[in-house]
Amino acid sequence: MRLHASATSPFVRKVDVVLHETGLADQVERVVAGGTPVDPGTLPLALNPLGKIPVLEREEGPALYDSRVICRYLDSVANAGLYPPPPRLWDALTLEATADGILEAAVLMVYEIRTRPEEKRHEPWIEGQWSKIARSLQAVEARWMSQLCGPLDIGQIAMGCALAYLDFRHAGRTWRAAHPALAGWEAGFSQRPSMIATAPFG
Ligand SMILES: N[C@@H](CCC(=O)N[C@@H](CS)C(=O)NCC(=O)O)C(=O)O
């Protein structure tokens, strides 16, 4: 398998954590890719028309894209059980969707600052993205702690990657102060070997 990936993409990190947790890491070759909506750079446009990474090439079919699809595929290859049976499945997938939404907003904030000339930046739009993140963190702290503390699943992996990305790109927002339970959970989750092995750099 070939994974089109960058070292700093939090969506790639979800896939990397799943690769470690499922024992499949050795079976994947990496192809370095990167770009933005205004400069697709080395993003694999021929494999993913959306021009986003991660993308996974595999022998038995067309390339897979979107971290959610790739993670589920890898789990099924390894039969790893990161997707519990219903009804818990719906909680795991909703938690993953919440974490991915946090990441989408956090990545858009980075793009707004990096790719738009300073005089054209729209602060209310940036703060609107942060509001989505703040509301989601609040909801997770209020409603999802028991799911986070259960057996390892894809929702936990996605949330671990989302919180780590907030530290990586938005450290000034100090999310821990208002979310002590989530902060406590993240302190433990970040010590998993799969999280340590996939820490972003760059
Ligand atoms: N929903 C997608 C999001 C992937 C994504 O946004 N990746 C970013 C890197 S962190 C990207 O490739 N951005 C390039 C672009 O938007 O043009 C997933 O889960 O894989």
# chains A, B, ... in the order shown; residues from 1 in each chain; ligands from 1
$ closest_atom_pairs --of "chain A" --to "ligand 1" --cutoff "7 Å" --atoms "only C-alpha atoms and all ligand atoms" --output "Markdown table"
| residue | atom | partner | partner_atom_place_in_ligand_line | distance |
| --- | --- | --- | --- | --- |
| A:Ser9 | CA | ligand 1 | 10 (S) | 3.9 |
| A:Pro10 | CA | ligand 1 | 10 (S) | 5.6 |
| A:Phe11 | CA | ligand 1 | 20 (O) | 5.3 |
| A:Gly34 | CA | ligand 1 | 12 (O) | 6.7 |
| A:Gly35 | CA | ligand 1 | 14 (C) | 5.4 |
| A:Thr36 | CA | ligand 1 | 17 (O) | 4.0 |
| A:Pro37 | CA | ligand 1 | 17 (O) | 3.5 |
| A:Pro40 | CA | ligand 1 | 17 (O) | 6.0 |
| A:Leu43 | CA | ligand 1 | 12 (O) | 7.0 |
| A:Gly51 | CA | ligand 1 | 17 (O) | 5.4 |
| A:Lys52 | CA | ligand 1 | 12 (O) | 3.1 |
| A:Ile53 | CA | ligand 1 | 12 (O) | 4.0 |
| A:Pro54 | CA | ligand 1 | 20 (O) | 5.3 |
| A:Tyr65 | CA | ligand 1 | 20 (O) | 6.3 |
| A:Asp66 | CA | ligand 1 | 20 (O) | 3.3 |
| A:Ser67 | CA | ligand 1 | 20 (O) | 3.8 |
| A:Arg68 | CA | ligand 1 | 19 (O) | 5.6 |
| A:Asp100 | CA | ligand 1 | 19 (O) | 6.6 |
| A:Glu104 | CA | ligand 1 | 6 (O) | 6.3 |
| A:Val107 | CA | ligand 1 | 10 (S) | 6.3 |
$ residues_around --residues "Glu60 (chain A)" --least-positions-apart "2" --cutoff "12 Å" --atoms "only C-alpha atoms" --output "PyMOL selection string"
chain A and resi 1+56-58+62-64+73+77
$ select_by_dssp --residues "chain A" --states "strand (DSSP E)" --output "mmCIF file with N, CA, C and O atoms, in the first residue's frame"
data_model
loop_
_atom_site.group_PDB
_atom_site.id
_atom_site.type_symbol
_atom_site.label_atom_id
_atom_site.label_comp_id
_atom_site.auth_asym_id
_atom_site.auth_seq_id
_atom_site.Cartn_x
_atom_site.Cartn_y
_atom_site.Cartn_z
ATOM 1 N N ARG A 2 0.393 2.311 -0.627
ATOM 2 C CA ARG A 2 1.128 3.582 -0.645
ATOM 3 C C ARG A 2 0.232 4.676 -0.073
ATOM 4 O O ARG A 2 -0.897 4.866 -0.543
ATOM 5 N N LEU A 3 0.773 5.387 0.924
ATOM 6 C CA LEU A 3 -0.009 6.451 1.564
ATOM 7 C C LEU A 3 0.561 7.804 1.163
ATOM 8 O O LEU A 3 1.729 8.108 1.427
ATOM 9 N N HIS A 4 -0.260 8.603 0.481
ATOM 10 C CA HIS A 4 0.132 9.980 0.150
ATOM 11 C C HIS A 4 -0.140 10.824 1.394
ATOM 12 O O HIS A 4 -1.281 10.891 1.866
ATOM 13 N N ALA A 5 0.925 11.452 1.889
ATOM 14 C CA ALA A 5 0.842 11.980 3.249
ATOM 15 C C ALA A 5 1.805 13.139 3.458
ATOM 16 O O ALA A 5 2.822 13.240 2.774
ATOM 17 N N GLU A 29 4.025 2.131 2.231
ATOM 18 C CA GLU A 29 5.116 3.011 1.769
ATOM 19 C C GLU A 29 4.548 4.435 1.740
ATOM 20 O O GLU A 29 3.377 4.629 1.396
ATOM 21 N N ARG A 30 5.373 5.419 2.090
ATOM 22 C CA ARG A 30 4.873 6.801 2.124
ATOM 23 C C ARG A 30 5.296 7.582 0.897
ATOM 24 O O ARG A 30 6.431 7.455 0.429
ATOM 25 N N VAL A 31 4.375 8.374 0.394
ATOM 26 C CA VAL A 31 4.681 9.300 -0.686
ATOM 27 C C VAL A 31 4.405 10.693 -0.118
ATOM 28 O O VAL A 31 3.280 10.984 0.295
ATOM 29 N N VAL A 32 5.449 11.521 -0.066
ATOM 30 C CA VAL A 32 5.276 12.840 0.542
ATOM 31 C C VAL A 32 4.434 13.720 -0.384
ATOM 32 O O VAL A 32 4.689 13.800 -1.589
ATOM 33 N N VAL A 55 -4.414 9.950 1.006
ATOM 34 C CA VAL A 55 -4.914 9.061 -0.043
ATOM 35 C C VAL A 55 -4.151 7.749 0.097
ATOM 36 O O VAL A 55 -2.929 7.764 0.274
ATOM 37 N N LEU A 56 -4.870 6.632 0.001
ATOM 38 C CA LEU A 56 -4.222 5.323 0.120
ATOM 39 C C LEU A 56 -4.381 4.553 -1.189
ATOM 40 O O LEU A 56 -5.501 4.280 -1.623
ATOM 41 N N GLU A 57 -3.236 4.235 -1.822
ATOM 42 C CA GLU A 57 -3.268 3.351 -2.984
ATOM 43 C C GLU A 57 -3.157 1.925 -2.478
ATOM 44 O O GLU A 57 -2.377 1.644 -1.567
ATOM 45 N N ARG A 58 -3.924 1.055 -3.088
ATOM 46 C CA ARG A 58 -3.896 -0.362 -2.663
ATOM 47 C C ARG A 58 -3.969 -1.242 -3.892
ATOM 48 O O ARG A 58 -4.365 -0.765 -4.964
ATOM 49 N N GLY A 61 -7.854 -2.483 -5.633
ATOM 50 C CA GLY A 61 -8.925 -1.600 -6.084
ATOM 51 C C GLY A 61 -8.438 -0.177 -6.190
ATOM 52 O O GLY A 61 -7.253 0.101 -5.979
ATOM 53 N N PRO A 62 -9.358 0.724 -6.569
ATOM 54 C CA PRO A 62 -8.974 2.123 -6.715
ATOM 55 C C PRO A 62 -8.482 2.739 -5.406
ATOM 56 O O PRO A 62 -8.762 2.212 -4.324
ATOM 57 N N ALA A 63 -7.768 3.836 -5.551
ATOM 58 C CA ALA A 63 -7.255 4.532 -4.360
ATOM 59 C C ALA A 63 -8.414 4.950 -3.460
ATOM 60 O O ALA A 63 -9.506 5.278 -3.944
ATOM 61 N N LEU A 64 -8.143 4.926 -2.177
ATOM 62 C CA LEU A 64 -9.151 5.344 -1.193
ATOM 63 C C LEU A 64 -8.782 6.722 -0.681
ATOM 64 O O LEU A 64 -7.609 7.017 -0.467
ATOM 65 N N TYR A 65 -9.760 7.545 -0.470
ATOM 66 C CA TYR A 65 -9.500 8.823 0.174
ATOM 67 C C TYR A 65 -10.609 9.178 1.141
ATOM 68 O O TYR A 65 -11.675 8.612 1.115
#
$ select_by_dssp --residues "chain A" --states "helix (DSSP H, G or I)" --output "VMD selection string"
chain A and resid 10 to 22 25 to 27 67 to 78 88 to 115 118 to 120 123 to 143 145 to 148 154 to 169 171 to 173 175 to 178 180 to 189 193 to 197
$ atom_distance --atom1 "CA of Ala92 (chain A)" --atom2 "CA of Gly155 (chain A)"
4.6 Å
$ residues_around --residues "Leu108 (chain A)" --least-positions-apart "3" --cutoff "12 Å" --atoms "only C-alpha atoms" --output "list in words"
Thr36, Pro37, Gly101, Ile102, Leu103, Glu104, Ala105, Tyr111, Glu112, Ile113, Arg114, Thr115, Arg116, Trp125, Ile126, Glu127, Gly128, Gln129, Trp130, Lys132, Ile133, Arg169 and His170 of chain A
$ residues_around --residues "Leu152 (chain A)" --least-positions-apart "2" --cutoff "7 Å" --atoms "only C-alpha atoms" --output "list in words"
Leu82, Gly150 and Gln156 of chain A
$ write_last_selection --atoms "C-alpha atoms" --output "compact mmCIF listing (two decimals), in the first residue's frame"
# COMPACT_ATOMS: atom_id res chain seq x y z
CA LEU A 82 -11.75 -0.20 16.18
CA GLY A 150 -14.11 2.95 27.01
CA GLN A 156 -10.98 8.21 20.51
$ closest_residue --among "A:Asp16, A:Ser136, A:Ala106, A:Glu96" --to "Met159 (chain A)" --atoms "only C-alpha atoms"
A:Glu96
$ closest_residue --among "A:Gly172, A:Gly184, A:Ile154, A:Thr198" --to "Ala7 (chain A)" --atoms "only C-alpha atoms"
A:Thr198
$ atom_distance --atom1 "CA of Trp90 (chain A)" --atom2 "CA of Pro193 (chain A)"
26.5 Å
$ residues_around --residues "Ile196 (chain A)" --least-positions-apart "5" --cutoff "12 Å" --atoms "only C-alpha atoms" --output "PyMOL selection string"
chain A and resi 13+16-17+20-21+160-161+164+187-191+201
$ write_last_selection --atoms "all heavy atoms" --output "CSV table (one decimal), in the first residue's frame"
chain,number,residue,atom,x,y,z
A,13,ARG,N,-2.5,11.9,10.3
A,13,ARG,CA,-2.1,11.3,11.6
A,13,ARG,C,-3.1,10.3,12.0
A,13,ARG,O,-2.8,9.3,12.6
A,13,ARG,CB,-1.9,12.4,12.6
A,13,ARG,CG,-1.3,11.8,13.9
A,13,ARG,CD,-1.0,12.9,14.9
A,13,ARG,NE,-0.2,12.3,16.0
A,13,ARG,CZ,0.0,12.9,17.2
A,13,ARG,NH1,-0.5,14.1,17.4
A,13,ARG,NH2,0.6,12.3,18.1
A,16,ASP,N,-2.2,7.2,10.4
A,16,ASP,CA,-0.9,6.7,11.0
A,16,ASP,C,-1.2,6.0,12.3
A,16,ASP,O,-0.6,5.0,12.6
A,16,ASP,CB,0.1,7.8,11.1
A,16,ASP,CG,0.8,8.1,9.8
A,16,ASP,OD1,1.0,7.2,9.0
A,16,ASP,OD2,1.3,9.2,9.6
A,17,VAL,N,-2.0,6.6,13.1
A,17,VAL,CA,-2.3,6.0,14.4
A,17,VAL,C,-3.0,4.7,14.2
A,17,VAL,O,-2.7,3.7,14.9
A,17,VAL,CB,-3.2,7.0,15.3
A,17,VAL,CG1,-3.6,6.3,16.6
A,17,VAL,CG2,-2.3,8.2,15.7
A,20,HIS,N,-0.5,2.1,13.2
A,20,HIS,CA,0.2,1.6,14.4
A,20,HIS,C,-0.6,0.6,15.3
A,20,HIS,O,-0.2,-0.4,15.7
A,20,HIS,CB,0.8,2.7,15.2
A,20,HIS,CG,2.1,3.3,14.7
A,20,HIS,ND1,2.1,4.1,13.7
A,20,HIS,CD2,3.3,3.0,15.0
A,20,HIS,CE1,3.4,4.4,13.4
A,20,HIS,NE2,4.1,3.8,14.2
A,21,GLU,N,-1.9,1.1,15.5
A,21,GLU,CA,-2.7,0.3,16.4
A,21,GLU,C,-3.1,-1.0,15.8
A,21,GLU,O,-3.4,-2.0,16.5
A,21,GLU,CB,-4.0,1.1,16.8
A,21,GLU,CG,-3.7,2.4,17.6
A,21,GLU,CD,-3.4,2.1,19.1
A,21,GLU,OE1,-3.4,0.9,19.5
A,21,GLU,OE2,-3.0,3.1,19.8
A,160,GLY,N,-8.1,12.2,19.9
A,160,GLY,CA,-6.7,12.4,20.3
A,160,GLY,C,-5.9,13.2,19.3
A,160,GLY,O,-5.1,14.1,19.6
A,161,CYS,N,-6.2,12.9,18.0
A,161,CYS,CA,-5.4,13.7,16.9
A,161,CYS,C,-5.9,15.1,16.8
A,161,CYS,O,-5.2,16.0,16.6
A,161,CYS,CB,-5.6,13.0,15.6
A,161,CYS,SG,-4.8,11.4,15.5
A,164,ALA,N,-4.4,17.1,19.8
A,164,ALA,CA,-3.0,17.3,19.5
A,164,ALA,C,-2.8,18.4,18.5
A,164,ALA,O,-1.8,19.2,18.5
A,164,ALA,CB,-2.3,16.0,19.1
A,187,ALA,N,-4.1,13.8,28.3
A,187,ALA,CA,-2.8,13.6,28.9
A,187,ALA,C,-2.4,12.1,28.9
A,187,ALA,O,-1.3,11.7,28.7
A,187,ALA,CB,-2.7,14.1,30.4
A,188,GLY,N,-3.4,11.2,29.2
A,188,GLY,CA,-3.2,9.8,29.1
A,188,GLY,C,-3.1,9.3,27.7
A,188,GLY,O,-2.2,8.5,27.4
A,189,PHE,N,-4.0,9.7,26.9
A,189,PHE,CA,-4.1,9.2,25.5
A,189,PHE,C,-2.9,9.5,24.7
A,189,PHE,O,-2.4,8.7,23.9
A,189,PHE,CB,-5.4,9.7,24.8
A,189,PHE,CG,-5.7,9.0,23.5
A,189,PHE,CD1,-6.4,7.8,23.6
A,189,PHE,CD2,-5.3,9.4,22.3
A,189,PHE,CE1,-6.6,7.0,22.4
A,189,PHE,CE2,-5.5,8.7,21.1
A,189,PHE,CZ,-6.2,7.5,21.2
A,190,SER,N,-2.3,10.7,24.9
A,190,SER,CA,-1.1,11.1,24.2
A,190,SER,C,0.1,10.3,24.5
A,190,SER,O,1.1,10.4,23.8
A,190,SER,CB,-0.8,12.6,24.5
A,190,SER,OG,-0.5,12.8,25.8
A,191,GLN,N,0.0,9.5,25.6
A,191,GLN,CA,1.1,8.6,25.9
A,191,GLN,C,1.1,7.2,25.3
A,191,GLN,O,2.0,6.4,25.4
A,191,GLN,CB,1.2,8.4,27.5
A,191,GLN,CG,1.6,9.7,28.2
A,191,GLN,CD,2.8,10.4,27.6
A,191,GLN,OE1,3.9,9.8,27.5
A,191,GLN,NE2,2.6,11.6,27.1
A,201,PHE,N,5.8,17.0,13.1
A,201,PHE,CA,6.9,17.9,13.1
A,201,PHE,C,6.8,18.8,11.9
A,201,PHE,O,6.1,18.5,10.9
A,201,PHE,CB,8.2,17.0,13.1
A,201,PHE,CG,8.3,16.1,11.9
A,201,PHE,CD1,8.8,16.5,10.7
A,201,PHE,CD2,7.9,14.8,12.1
A,201,PHE,CE1,8.9,15.6,9.7
A,201,PHE,CE2,7.9,13.9,11.0
A,201,PHE,CZ,8.5,14.3,9.8
$ residues_around --residues "Leu182 (chain A)" --least-positions-apart "3" --cutoff "6 Å" --atoms "only C-alpha atoms" --output "ChimeraX atom specification"
/A:141,179,185
$ atom_distance --atom1 "CA of Glu118 (chain A)" --atom2 "CA of Arg135 (chain A)"
27.0 Å
$ closest_residue --among "A:Thr174, A:Pro49, A:Ile157, A:Leu166" --to "Leu93 (chain A)" --atoms "only C-alpha atoms"
A:Ile157
